[in-house]
>>> print(open('data-v1.cif').read())   # mmCIF, C-alpha atoms
data_start
#
loop_
_atom_site.label_atom_id
_atom_site.label_comp_id
_atom_site.auth_asym_id
_atom_site.auth_seq_id
_atom_site.Cartn_x
_atom_site.Cartn_y
_atom_site.Cartn_z
CA MET A 1 97.62 84.76 124.59
CA LYS A 2 101.12 83.92 123.34
CA VAL A 3 102.85 86.37 120.99
CA VAL A 4 106.18 85.96 119.20
CA ILE A 5 108.09 88.97 117.86
CA VAL A 6 110.60 88.12 115.13
CA GLY A 7 113.20 90.89 114.91
CA TYR A 8 114.13 93.25 117.72
CA GLY A 9 115.07 96.50 116.03
CA SER A 10 113.45 99.82 116.94
CA ILE A 11 109.95 98.83 115.82
CA GLY A 12 110.21 95.38 117.40
CA LYS A 13 111.18 96.99 120.70
CA ARG A 14 108.28 99.44 120.47
CA HIS A 15 105.74 96.69 119.85
CA CYS A 16 107.23 94.58 122.64
CA LYS A 17 106.98 97.47 125.11
CA ASN A 18 103.39 98.16 124.08
CA LEU A 19 102.46 94.49 124.37
CA SER A 20 103.78 94.51 127.95
CA LYS A 21 100.98 96.96 128.80
CA ILE A 22 98.25 94.56 127.66
CA LYS A 23 96.90 92.05 130.18
CA ASN A 24 97.34 88.31 129.72
CA ILE A 25 100.00 88.59 127.01
CA GLU A 26 102.96 86.21 127.08
CA CYS A 27 105.64 87.45 124.70
CA PHE A 28 108.61 85.69 123.07
CA VAL A 29 111.28 87.64 121.21
CA VAL A 30 113.34 85.97 118.48
CA THR A 31 116.62 87.82 117.93
CA LYS A 32 120.33 87.18 117.43
CA GLN A 33 121.20 90.25 119.50
CA ARG A 34 123.00 89.75 122.79
CA ASN A 35 122.40 91.42 126.16
CA VAL A 36 118.83 92.28 125.23
CA GLU A 37 116.63 93.95 127.82
CA LEU A 38 112.93 93.13 127.69
CA PRO A 39 110.15 95.33 129.16
CA SER A 40 108.79 92.49 131.29
CA LYS A 41 110.43 89.72 133.29
CA LYS A 42 107.71 87.39 132.01
CA PHE A 43 108.88 87.82 128.40
CA LYS A 44 111.46 85.40 127.00
CA ILE A 45 114.22 85.56 124.37
CA PHE A 46 114.87 82.90 121.72
CA ASN A 47 117.70 82.59 119.21
CA SER A 48 115.64 80.34 116.95
CA LEU A 49 112.12 80.79 115.60
CA ASP A 50 111.77 77.01 115.27
CA ASP A 51 112.38 76.58 119.02
CA CYS A 52 109.90 79.32 119.79
CA LEU A 53 107.19 77.77 117.61
CA LYS A 54 107.29 74.65 119.80
CA LEU A 55 105.46 76.74 122.41
CA ASN A 56 102.55 77.21 119.97
CA PRO A 57 102.23 81.02 119.90
CA ASP A 58 98.87 82.47 118.83
CA ILE A 59 100.22 85.57 117.07
CA GLY A 60 103.39 86.36 115.16
CA PHE A 61 104.81 89.88 114.75
CA VAL A 62 107.06 90.15 111.69
CA THR A 63 109.43 93.02 112.49
CA ASN A 64 112.75 91.94 110.98
CA GLU A 65 114.37 93.30 107.79
CA SER A 66 111.97 93.87 104.88
CA ASN A 67 113.66 91.30 102.64
CA LEU A 68 112.92 88.62 105.27
CA HIS A 69 109.26 89.47 105.89
CA ILE A 70 107.62 86.97 103.54
CA LYS A 71 109.89 84.05 104.46
CA THR A 72 109.21 84.70 108.15
CA ALA A 73 105.47 85.23 107.64
CA ILE A 74 105.15 81.95 105.72
CA LYS A 75 106.84 80.01 108.53
CA LEU A 76 104.57 81.64 111.13
CA ALA A 77 101.47 81.10 109.00
CA LYS A 78 102.26 77.42 108.51
CA ALA A 79 102.41 77.16 112.30
CA GLY A 80 98.90 78.65 112.48
CA CYS A 81 99.87 82.06 113.88
CA ASP A 82 97.81 85.14 113.16
CA LEU A 83 100.08 87.68 111.49
CA PHE A 84 101.01 91.26 112.24
CA ILE A 85 103.40 92.24 109.42
CA GLU A 86 105.30 95.47 109.82
CA LYS A 87 105.44 97.70 106.75
CA PRO A 88 106.52 97.28 104.03
CA LEU A 89 105.08 93.85 103.31
CA SER A 90 108.20 93.02 101.29
CA HIS A 91 110.71 94.46 98.81
CA ASN A 92 109.37 92.39 95.88
CA SER A 93 106.46 90.07 95.01
CA VAL A 94 108.27 86.77 95.59
CA GLY A 95 106.29 84.43 97.85
CA LEU A 96 103.15 86.58 98.05
CA LYS A 97 100.89 83.99 96.38
CA GLN A 98 102.17 81.23 98.65
CA LEU A 99 101.63 83.32 101.78
CA SER A 100 98.18 84.41 100.61
CA LYS A 101 97.18 80.79 99.98
CA ILE A 102 98.27 79.64 103.44
CA VAL A 103 96.52 82.58 105.11
CA SER A 104 93.30 81.78 103.23
CA GLU A 105 93.41 78.03 103.87
CA LYS A 106 94.16 78.37 107.58
CA LYS A 107 91.78 81.33 108.05
CA ILE A 108 94.57 83.40 109.59
CA ILE A 109 93.83 86.93 110.80
CA THR A 110 96.31 89.44 109.37
CA LEU A 111 97.13 93.11 109.84
CA MET A 112 99.70 95.29 108.11
CA GLY A 113 101.73 97.49 110.46
CA CYS A 114 100.61 100.82 109.02
CA ASN A 115 99.81 102.76 112.18
CA PHE A 116 98.90 105.93 110.26
CA ARG A 117 95.44 104.45 109.75
CA PHE A 118 95.07 105.03 113.50
CA LEU A 119 96.26 108.66 113.36
CA PRO A 120 93.37 110.99 114.35
CA CYS A 121 94.10 113.65 111.72
CA LEU A 122 94.04 111.15 108.83
CA LYS A 123 90.88 109.54 110.18
CA LYS A 124 89.34 113.02 110.21
CA VAL A 125 90.46 113.67 106.61
CA LYS A 126 88.85 110.40 105.51
CA GLU A 127 85.67 111.32 107.40
CA LEU A 128 85.47 114.79 105.80
CA ILE A 129 85.96 113.33 102.33
CA SER A 130 83.36 110.59 102.91
CA SER A 131 80.81 113.21 104.03
CA LYS A 132 81.44 115.24 100.82
CA LYS A 133 82.63 118.32 102.74
CA ILE A 134 84.70 119.49 99.76
CA GLY A 135 82.45 118.16 96.99
CA ARG A 136 83.86 116.07 94.14
CA LEU A 137 87.53 115.27 94.62
CA LEU A 138 90.02 116.66 92.11
CA PHE A 139 93.54 116.11 93.39
CA VAL A 140 95.66 115.36 96.45
CA GLN A 141 99.21 116.39 97.30
CA SER A 142 101.13 114.31 99.83
CA GLU A 143 104.64 114.99 101.12
CA HIS A 144 107.03 113.33 103.54
CA GLY A 145 110.52 114.71 103.89
CA SER A 146 112.93 113.87 106.72
CA TYR A 147 116.62 113.40 107.44
CA LEU A 148 117.43 109.69 107.69
CA PRO A 149 120.37 110.09 110.14
CA ASP A 150 117.94 111.74 112.59
CA TRP A 151 115.55 108.78 112.64
CA HIS A 152 117.56 106.89 115.25
CA PRO A 153 120.35 109.24 116.42
CA ASN A 154 122.03 106.57 118.55
CA GLU A 155 122.39 104.19 115.59
CA ASN A 156 124.53 104.27 112.46
CA TYR A 157 122.02 105.07 109.71
CA THR A 158 124.25 103.55 107.01
CA LYS A 159 123.69 100.12 108.55
CA SER A 160 119.91 100.49 108.79
CA TYR A 161 117.62 98.57 106.45
CA ALA A 162 116.26 101.91 105.17
CA ALA A 163 119.66 102.83 103.75
CA GLN A 164 120.44 99.48 102.15
CA LYS A 165 118.85 98.34 98.91
CA LYS A 166 119.72 94.67 99.55
CA LEU A 167 117.71 94.73 102.80
CA GLY A 168 114.62 96.13 101.09
CA GLY A 169 115.26 99.78 101.96
CA GLY A 170 114.72 102.90 99.91
CA ILE A 171 112.41 105.87 100.32
CA VAL A 172 109.40 104.35 98.50
CA LEU A 173 109.22 101.20 100.63
CA THR A 174 110.44 102.80 103.87
CA SER A 175 107.85 105.59 103.58
CA ILE A 176 105.10 103.37 102.24
CA HIS A 177 102.81 104.92 104.90
CA GLU A 178 101.99 107.68 102.41
CA ILE A 179 101.05 105.20 99.68
CA ASP A 180 99.02 103.21 102.20
CA TYR A 181 96.93 106.12 103.43
CA LEU A 182 96.39 107.47 99.91
CA TYR A 183 95.09 104.06 98.85
CA TRP A 184 93.01 103.83 102.06
CA ILE A 185 91.33 107.20 101.43
CA PHE A 186 91.19 107.43 97.61
CA GLY A 187 91.02 103.79 96.52
CA ASP A 188 92.67 101.87 93.71
CA VAL A 189 95.34 103.40 91.48
CA LYS A 190 95.25 102.77 87.72
CA GLU A 191 98.39 104.52 86.39
CA ILE A 192 101.69 105.78 87.79
CA PHE A 193 104.56 107.95 86.61
CA SER A 194 107.58 108.41 88.86
CA VAL A 195 111.10 109.76 89.11
CA THR A 196 112.84 107.84 91.90
CA GLY A 197 116.53 107.49 92.68
CA LYS A 198 119.58 108.37 94.77
CA TYR A 199 120.22 112.13 94.68
CA SER A 200 121.64 113.33 98.02
CA ASP A 201 125.08 112.99 99.63
CA LEU A 202 123.84 110.48 102.20
CA GLU A 203 125.86 107.27 102.44
CA MET A 204 123.23 104.80 101.29
CA THR A 205 122.74 102.35 98.43
CA ALA A 206 118.95 102.73 98.37
CA ASP A 207 116.86 105.48 96.73
CA ASP A 208 116.47 108.69 98.74
CA LEU A 209 114.05 110.68 96.55
CA SER A 210 110.77 109.86 94.84
CA THR A 211 108.40 112.21 93.03
CA THR A 212 105.32 110.46 91.70
CA ILE A 213 102.04 111.12 89.88
CA LEU A 214 99.23 108.73 90.81
CA LYS A 215 96.06 108.47 88.71
CA PHE A 216 93.31 106.93 90.82
CA LYS A 217 90.40 104.99 89.36
CA LYS A 218 88.02 107.54 90.92
CA ASN A 219 89.46 110.15 88.55
CA VAL A 220 91.54 111.80 91.27
CA VAL A 221 95.14 112.82 90.58
CA GLY A 222 97.74 112.40 93.30
CA GLU A 223 101.10 114.13 93.65
CA LEU A 224 103.43 112.28 96.02
CA HIS A 225 106.82 113.55 97.20
CA LEU A 226 109.10 111.46 99.43
CA ASP A 227 112.69 112.09 100.47
CA HIS A 228 115.27 111.07 103.07
CA PHE A 229 117.32 114.26 103.16
CA GLN A 230 115.17 117.20 104.33
CA ASN A 231 116.78 118.50 107.51
CA SER A 232 113.46 119.76 108.81
CA MET A 233 110.80 117.09 109.13
CA THR A 234 107.68 117.67 107.04
CA ARG A 235 104.70 115.36 106.64
CA ASN A 236 101.47 116.74 105.25
CA CYS A 237 98.75 116.41 102.66
CA LYS A 238 96.30 118.69 100.86
CA VAL A 239 93.09 117.57 99.21
CA VAL A 240 91.30 119.82 96.72
CA GLY A 241 87.67 119.35 95.72
CA THR A 242 85.06 121.30 93.79
CA GLU A 243 83.66 122.87 96.98
CA GLY A 244 86.70 123.33 99.19
CA ILE A 245 90.14 122.29 100.42
CA ILE A 246 91.41 120.11 103.26
CA THR A 247 94.93 120.50 104.67
CA CYS A 248 96.47 118.09 107.15
CA ASP A 249 99.75 118.31 109.06
CA LEU A 250 100.61 114.81 110.24
CA THR A 251 103.45 115.98 112.48
CA LYS A 252 101.17 118.33 114.43
CA ASN A 253 97.98 116.28 114.02
CA THR A 254 96.03 119.26 112.70
CA VAL A 255 93.32 119.51 110.04
CA ASN A 256 91.99 122.67 108.38
CA LEU A 257 89.02 123.06 106.05
CA PHE A 258 88.43 125.81 103.44
CA ASN A 259 84.86 126.42 102.33
CA LYS A 260 84.35 127.70 98.78
CA LYS A 261 81.14 129.56 99.62
CA THR A 262 82.32 131.38 102.77
CA LYS A 263 85.91 131.83 101.51
CA LYS A 264 87.11 131.04 105.03
CA TRP A 265 89.41 128.50 106.68
CA VAL A 266 88.15 126.60 109.72
CA LYS A 267 90.37 124.61 112.11
CA VAL A 268 88.71 121.21 112.31
CA MET A 269 91.30 119.45 114.48
CA ASP A 270 94.26 120.54 116.60
CA MET A 271 95.94 117.80 118.65
CA LYS A 272 99.54 119.07 118.84
CA LYS A 273 100.08 117.33 122.19
CA PHE A 274 98.90 113.97 120.86
CA ASP A 275 101.08 111.02 121.95
CA PHE A 276 102.10 109.41 118.66
CA ASN A 277 102.75 106.08 120.38
CA LEU A 278 98.99 105.78 120.82
CA THR A 279 98.73 104.98 117.10
CA TYR A 280 100.93 101.92 117.69
CA MET A 281 99.17 101.02 120.93
CA ASN A 282 95.68 101.28 119.45
CA GLU A 283 96.81 99.36 116.38
CA ILE A 284 98.03 96.44 118.52
CA LYS A 285 94.97 96.44 120.78
CA TYR A 286 92.76 96.40 117.69
CA PHE A 287 94.69 93.50 116.17
CA VAL A 288 94.64 91.43 119.37
CA GLU A 289 90.88 91.96 119.62
CA CYS A 290 90.37 90.94 115.98
CA SER A 291 92.47 87.84 116.60
CA LYS A 292 90.39 86.85 119.61
CA LYS A 293 87.07 87.42 117.81
CA ARG A 294 88.34 85.94 114.49
CA LYS A 295 87.37 89.18 112.78
CA LYS A 296 88.85 90.52 109.53
CA THR A 297 90.95 93.66 110.03
CA ILE A 298 90.80 97.00 108.18
CA ASN A 299 94.24 96.45 106.66
CA ASP A 300 94.75 92.74 106.05
CA LEU A 301 97.24 90.90 103.84
CA ASN A 302 95.19 91.53 100.68
CA GLU A 303 95.33 95.28 101.36
CA GLY A 304 99.05 94.98 101.99
CA ILE A 305 99.56 93.24 98.65
CA LYS A 306 97.67 96.01 96.82
CA VAL A 307 99.73 98.74 98.51
CA LEU A 308 102.99 96.90 97.82
CA ASN A 309 101.95 96.55 94.18
CA ILE A 310 101.52 100.34 93.97
CA ALA A 311 104.97 100.89 95.53
CA LEU A 312 106.64 98.39 93.20
CA THR A 313 104.93 100.03 90.22
CA VAL A 314 106.37 103.39 91.35
CA LEU A 315 109.84 101.84 91.14
CA LYS A 316 108.99 100.18 87.83
CA SER A 317 107.79 103.45 86.31
CA SER A 318 110.97 105.24 87.33
CA LYS A 319 113.11 102.48 85.88
CA LYS A 320 111.22 102.49 82.56
CA MET A 321 110.87 106.30 82.59
CA LYS A 322 107.25 106.17 81.49
CA MET A 323 103.66 105.99 82.73
CA VAL A 324 102.87 102.43 83.86
CA LYS A 325 99.45 100.83 84.32
CA LEU A 326 98.93 98.71 87.43
CA SER A 327 98.61 95.02 86.73
#
>>> encode(input="data-v1.cif", output="structure tokens")
Amino acid sequence: MKVVIVGYGSIGKRHCKNLSKIKNIECFVVTKQRNVELPSKKFKIFNSLDDCLKLNPDIGFVTNESNLHIKTAIKLAKAGCDLFIEKPLSHNSVGLKQLSKIVSEKKIITLMGCNFRFLPCLKKVKELISSKKIGRLLFVQSEHGSYLPDWHPNENYTKSYAAQKKLGGGIVLTSIHEIDYLYWIFGDVKEIFSVTGKYSDLEMTADDLSTTILKFKKNVVGELHLDHFQNSMTRNCKVVGTEGIITCDLTKNTVNLFNKKTKKWVKVMDMKKFDFNLTYMNEIKYFVECSKKRKKTINDLNEGIKVLNIALTVLKSSKKMKMVKLS
């Protein structure tokens, strides 16, 4: 199977390294970087996507800057490549209908790069909720706070896409994982109110703080906090229902359950030594298998469009300073 990776930043390098561990994968990397080291001698580097497409790759990984995702995905889709699109899908809605049409017409298999759907603790939270362990759902609190300069210590954070608005950065789109897993677990959102903007002293043109209220169609209220300036990494969620509470620490991969009747907390999952790269590895293996079997994925382009619409509505609400209904 031939795979082309377009964009060789940190996530492109991770996917390339993981692909080198899968048998019978021939990988091409499209990048303008010089002196690039690839994880396998069998992998090849191209300066042009057009030249690479002449080799008829089966799968395309879109891992370049967010503002280039749709343009790149359309070119790959036209060439008949199945698509793995790294999050976020884009920074706006331009070109989404065109891409969706091509994907539908050519029966292309797609997967959004949201590896948190492969994180054991979140899968456990979804399982507990589905089995009604805490009764009828009432509200969920989700938080992700981290210090952007610590993301890639060997790189200048000010030049990263996350820090630059023109490249599609900003806390809402960069940390769209939270919006994705909330949608995955709780379903469609009907209304949003948000305060989002640039508040810290970080040198960035994109937003670094977002506090949002999400009203889900299932009559669940969500409280979402995202920021780029917390010096101590925090990533967790709490779900409250009529019969109990679920807490989940995504950094430690732990899940706890409180039972209303017994008034006691029970540790449901504790995988502190979990290798986080497995979420990326399992995600890729899953996608390759779906591509081979021509099977629809759990997070295809249509899901990606819905999640992007939620994120863009968050930004719209903040700009209008009012509650906004999803279109």
>>> closest_residue(input="data-v1.cif", among="A:Gly135, A:Pro88, A:Gly145, A:Gly222", to="Val307 of chain A", atoms="all atoms listed in the file")
A:Pro88
>>> residues_near_point(input="data-v1.cif", point="(102.1, 85.3, 107.5)", cutoff="10 Å", atoms="only C-alpha atoms", output="PDB file with C-alpha atoms, in the coordinates of the input")
ATOM      1  CA  ILE A  59     100.220  85.570 117.070  1.00  0.00           C
ATOM      2  CA  GLY A  60     103.390  86.360 115.160  1.00  0.00           C
ATOM      3  CA  PHE A  61     104.810  89.880 114.750  1.00  0.00           C
ATOM      4  CA  VAL A  62     107.060  90.150 111.690  1.00  0.00           C
ATOM      5  CA  HIS A  69     109.260  89.470 105.890  1.00  0.00           C
ATOM      6  CA  ILE A  70     107.620  86.970 103.540  1.00  0.00           C
ATOM      7  CA  LYS A  71     109.890  84.050 104.460  1.00  0.00           C
ATOM      8  CA  THR A  72     109.210  84.700 108.150  1.00  0.00           C
ATOM      9  CA  ALA A  73     105.470  85.230 107.640  1.00  0.00           C
ATOM     10  CA  ILE A  74     105.150  81.950 105.720  1.00  0.00           C
ATOM     11  CA  LYS A  75     106.840  80.010 108.530  1.00  0.00           C
ATOM     12  CA  LEU A  76     104.570  81.640 111.130  1.00  0.00           C
ATOM     13  CA  ALA A  77     101.470  81.100 109.000  1.00  0.00           C
ATOM     14  CA  LYS A  78     102.260  77.420 108.510  1.00  0.00           C
ATOM     15  CA  ALA A  79     102.410  77.160 112.300  1.00  0.00           C
ATOM     16  CA  GLY A  80      98.900  78.650 112.480  1.00  0.00           C
ATOM     17  CA  CYS A  81      99.870  82.060 113.880  1.00  0.00           C
ATOM     18  CA  ASP A  82      97.810  85.140 113.160  1.00  0.00           C
ATOM     19  CA  LEU A  83     100.080  87.680 111.490  1.00  0.00           C
ATOM     20  CA  PHE A  84     101.010  91.260 112.240  1.00  0.00           C
ATOM     21  CA  ILE A  85     103.400  92.240 109.420  1.00  0.00           C
ATOM     22  CA  LEU A  89     105.080  93.850 103.310  1.00  0.00           C
ATOM     23  CA  LEU A  96     103.150  86.580  98.050  1.00  0.00           C
ATOM     24  CA  GLN A  98     102.170  81.230  98.650  1.00  0.00           C
ATOM     25  CA  LEU A  99     101.630  83.320 101.780  1.00  0.00           C
ATOM     26  CA  SER A 100      98.180  84.410 100.610  1.00  0.00           C
ATOM     27  CA  ILE A 102      98.270  79.640 103.440  1.00  0.00           C
ATOM     28  CA  VAL A 103      96.520  82.580 105.110  1.00  0.00           C
ATOM     29  CA  ILE A 108      94.570  83.400 109.590  1.00  0.00           C
ATOM     30  CA  ILE A 109      93.830  86.930 110.800  1.00  0.00           C
ATOM     31  CA  THR A 110      96.310  89.440 109.370  1.00  0.00           C
ATOM     32  CA  LEU A 111      97.130  93.110 109.840  1.00  0.00           C
ATOM     33  CA  LEU A 301      97.240  90.900 103.840  1.00  0.00           C
TER      34      LEU A 301
END
>>> resolve_selection(input="data-v1.cif", expression="the PyMOL selection byres ((chain A and resi 21-25) around 12)", output="PDB file with C-alpha atoms, keeping the file's coordinate frame")
ATOM      1  CA  MET A   1      97.620  84.760 124.590  1.00  0.00           C
ATOM      2  CA  LYS A   2     101.120  83.920 123.340  1.00  0.00           C
ATOM      3  CA  VAL A   3     102.850  86.370 120.990  1.00  0.00           C
ATOM      4  CA  VAL A   4     106.180  85.960 119.200  1.00  0.00           C
ATOM      5  CA  ARG A  14     108.280  99.440 120.470  1.00  0.00           C
ATOM      6  CA  HIS A  15     105.740  96.690 119.850  1.00  0.00           C
ATOM      7  CA  CYS A  16     107.230  94.580 122.640  1.00  0.00           C
ATOM      8  CA  LYS A  17     106.980  97.470 125.110  1.00  0.00           C
ATOM      9  CA  ASN A  18     103.390  98.160 124.080  1.00  0.00           C
ATOM     10  CA  LEU A  19     102.460  94.490 124.370  1.00  0.00           C
ATOM     11  CA  SER A  20     103.780  94.510 127.950  1.00  0.00           C
ATOM     12  CA  GLU A  26     102.960  86.210 127.080  1.00  0.00           C
ATOM     13  CA  CYS A  27     105.640  87.450 124.700  1.00  0.00           C
ATOM     14  CA  PHE A  28     108.610  85.690 123.070  1.00  0.00           C
ATOM     15  CA  PRO A  39     110.150  95.330 129.160  1.00  0.00           C
ATOM     16  CA  SER A  40     108.790  92.490 131.290  1.00  0.00           C
ATOM     17  CA  LYS A  42     107.710  87.390 132.010  1.00  0.00           C
ATOM     18  CA  PHE A  43     108.880  87.820 128.400  1.00  0.00           C
ATOM     19  CA  LYS A  44     111.460  85.400 127.000  1.00  0.00           C
ATOM     20  CA  PRO A  57     102.230  81.020 119.900  1.00  0.00           C
ATOM     21  CA  ASP A  58      98.870  82.470 118.830  1.00  0.00           C
ATOM     22  CA  ILE A  59     100.220  85.570 117.070  1.00  0.00           C
ATOM     23  CA  MET A 281      99.170 101.020 120.930  1.00  0.00           C
ATOM     24  CA  ASN A 282      95.680 101.280 119.450  1.00  0.00           C
ATOM     25  CA  ILE A 284      98.030  96.440 118.520  1.00  0.00           C
ATOM     26  CA  LYS A 285      94.970  96.440 120.780  1.00  0.00           C
ATOM     27  CA  TYR A 286      92.760  96.400 117.690  1.00  0.00           C
ATOM     28  CA  VAL A 288      94.640  91.430 119.370  1.00  0.00           C
ATOM     29  CA  GLU A 289      90.880  91.960 119.620  1.00  0.00           C
TER      30      GLU A 289
END
>>> closest_residue(input="data-v1.cif", among="A:Ser142, A:Cys248, A:Phe229, A:Asn277", to="Ile213 of chain A", atoms="all atoms listed in the file")
A:Ser142
>>> residues_around(input="data-v1.cif", residues="Lys252 of chain A", least_positions_apart="3", cutoff="7 Å", atoms="all atoms listed in the file", output="list in words")
Asp249, Met271 and Lys272 of chain A
>>> resolve_selection(input="data-v1.cif", expression="the PyMOL selection byres ((chain A and resi 191) around 7)", output="PyMOL selection string")
chain A and resi 189-190+192+214-215+323-326
>>> residues_around(input="data-v1.cif", residues="segment 194-204 of chain A", least_positions_apart="2", cutoff="9 Å", atoms="all atoms listed in the file", output="tab-separated table (two decimals) with C-alpha atoms, in the frame of the given file")
chain	number	residue	atom	x	y	z
A	148	LEU	CA	117.43	109.69	107.69
A	149	PRO	CA	120.37	110.09	110.14
A	157	TYR	CA	122.02	105.07	109.71
A	158	THR	CA	124.25	103.55	107.01
A	159	LYS	CA	123.69	100.12	108.55
A	162	ALA	CA	116.26	101.91	105.17
A	163	ALA	CA	119.66	102.83	103.75
A	164	GLN	CA	120.44	99.48	102.15
A	165	LYS	CA	118.85	98.34	98.91
A	170	GLY	CA	114.72	102.90	99.91
A	171	ILE	CA	112.41	105.87	100.32
A	172	VAL	CA	109.40	104.35	98.50
A	192	ILE	CA	101.69	105.78	87.79
A	206	ALA	CA	118.95	102.73	98.37
A	207	ASP	CA	116.86	105.48	96.73
A	208	ASP	CA	116.47	108.69	98.74
A	209	LEU	CA	114.05	110.68	96.55
A	210	SER	CA	110.77	109.86	94.84
A	211	THR	CA	108.40	112.21	93.03
A	212	THR	CA	105.32	110.46	91.70
A	213	ILE	CA	102.04	111.12	89.88
A	214	LEU	CA	99.23	108.73	90.81
A	228	HIS	CA	115.27	111.07	103.07
A	229	PHE	CA	117.32	114.26	103.16
A	313	THR	CA	104.93	100.03	90.22
A	314	VAL	CA	106.37	103.39	91.35
A	315	LEU	CA	109.84	101.84	91.14
A	316	LYS	CA	108.99	100.18	87.83
A	317	SER	CA	107.79	103.45	86.31
A	318	SER	CA	110.97	105.24	87.33
A	319	LYS	CA	113.11	102.48	85.88
A	321	MET	CA	110.87	106.30	82.59
A	322	LYS	CA	107.25	106.17	81.49
A	323	MET	CA	103.66	105.99	82.73
>>> decode(input="data-v1.cif", residues="segment 71-76 of chain A", atoms="all heavy atoms", output="PDB file, in the first residue's frame")
ATOM      1  N   LYS A  71      -7.559  22.463   0.656  1.00  0.00           N
ATOM      2  CA  LYS A  71      -6.943  22.526  -0.673  1.00  0.00           C
ATOM      3  C   LYS A  71      -6.158  21.246  -0.958  1.00  0.00           C
ATOM      4  O   LYS A  71      -6.244  20.671  -2.048  1.00  0.00           O
ATOM      5  CB  LYS A  71      -6.020  23.744  -0.759  1.00  0.00           C
ATOM      6  CG  LYS A  71      -5.315  23.903  -2.097  1.00  0.00           C
ATOM      7  CD  LYS A  71      -4.403  25.122  -2.089  1.00  0.00           C
ATOM      8  CE  LYS A  71      -3.665  25.262  -3.418  1.00  0.00           C
ATOM      9  NZ  LYS A  71      -2.746  26.436  -3.418  1.00  0.00           N
ATOM     10  N   THR A  72      -5.391  20.799   0.027  1.00  0.00           N
ATOM     11  CA  THR A  72      -4.596  19.575  -0.121  1.00  0.00           C
ATOM     12  C   THR A  72      -5.488  18.346  -0.224  1.00  0.00           C
ATOM     13  O   THR A  72      -5.267  17.470  -1.066  1.00  0.00           O
ATOM     14  CB  THR A  72      -3.646  19.411   1.086  1.00  0.00           C
ATOM     15  OG1 THR A  72      -2.822  20.571   1.202  1.00  0.00           O
ATOM     16  CG2 THR A  72      -2.768  18.184   0.924  1.00  0.00           C
ATOM     17  N   ALA A  73      -6.512  18.283   0.627  1.00  0.00           N
ATOM     18  CA  ALA A  73      -7.421  17.132   0.631  1.00  0.00           C
ATOM     19  C   ALA A  73      -8.167  17.007  -0.698  1.00  0.00           C
ATOM     20  O   ALA A  73      -8.375  15.893  -1.192  1.00  0.00           O
ATOM     21  CB  ALA A  73      -8.409  17.255   1.788  1.00  0.00           C
ATOM     22  N   ILE A  74      -8.563  18.131  -1.270  1.00  0.00           N
ATOM     23  CA  ILE A  74      -9.273  18.114  -2.551  1.00  0.00           C
ATOM     24  C   ILE A  74      -8.376  17.540  -3.654  1.00  0.00           C
ATOM     25  O   ILE A  74      -8.803  16.717  -4.462  1.00  0.00           O
ATOM     26  CB  ILE A  74      -9.755  19.536  -2.930  1.00  0.00           C
ATOM     27  CG1 ILE A  74     -10.940  19.935  -2.044  1.00  0.00           C
ATOM     28  CG2 ILE A  74     -10.151  19.603  -4.400  1.00  0.00           C
ATOM     29  CD1 ILE A  74     -11.404  21.367  -2.235  1.00  0.00           C
ATOM     30  N   LYS A  75      -7.117  17.974  -3.670  1.00  0.00           N
ATOM     31  CA  LYS A  75      -6.182  17.470  -4.686  1.00  0.00           C
ATOM     32  C   LYS A  75      -5.969  15.961  -4.523  1.00  0.00           C
ATOM     33  O   LYS A  75      -5.950  15.215  -5.511  1.00  0.00           O
ATOM     34  CB  LYS A  75      -4.848  18.208  -4.580  1.00  0.00           C
ATOM     35  CG  LYS A  75      -3.807  17.748  -5.599  1.00  0.00           C
ATOM     36  CD  LYS A  75      -2.563  18.616  -5.602  1.00  0.00           C
ATOM     37  CE  LYS A  75      -2.814  19.900  -6.345  1.00  0.00           C
ATOM     38  NZ  LYS A  75      -1.544  20.654  -6.591  1.00  0.00           N
ATOM     39  N   LEU A  76      -5.825  15.508  -3.280  1.00  0.00           N
ATOM     40  CA  LEU A  76      -5.642  14.080  -3.025  1.00  0.00           C
ATOM     41  C   LEU A  76      -6.898  13.287  -3.382  1.00  0.00           C
ATOM     42  O   LEU A  76      -6.822  12.196  -3.951  1.00  0.00           O
ATOM     43  CB  LEU A  76      -5.287  13.856  -1.552  1.00  0.00           C
ATOM     44  CG  LEU A  76      -3.893  14.298  -1.107  1.00  0.00           C
ATOM     45  CD1 LEU A  76      -3.808  14.332   0.417  1.00  0.00           C
ATOM     46  CD2 LEU A  76      -2.827  13.354  -1.664  1.00  0.00           C
TER      47      LEU A  76
END
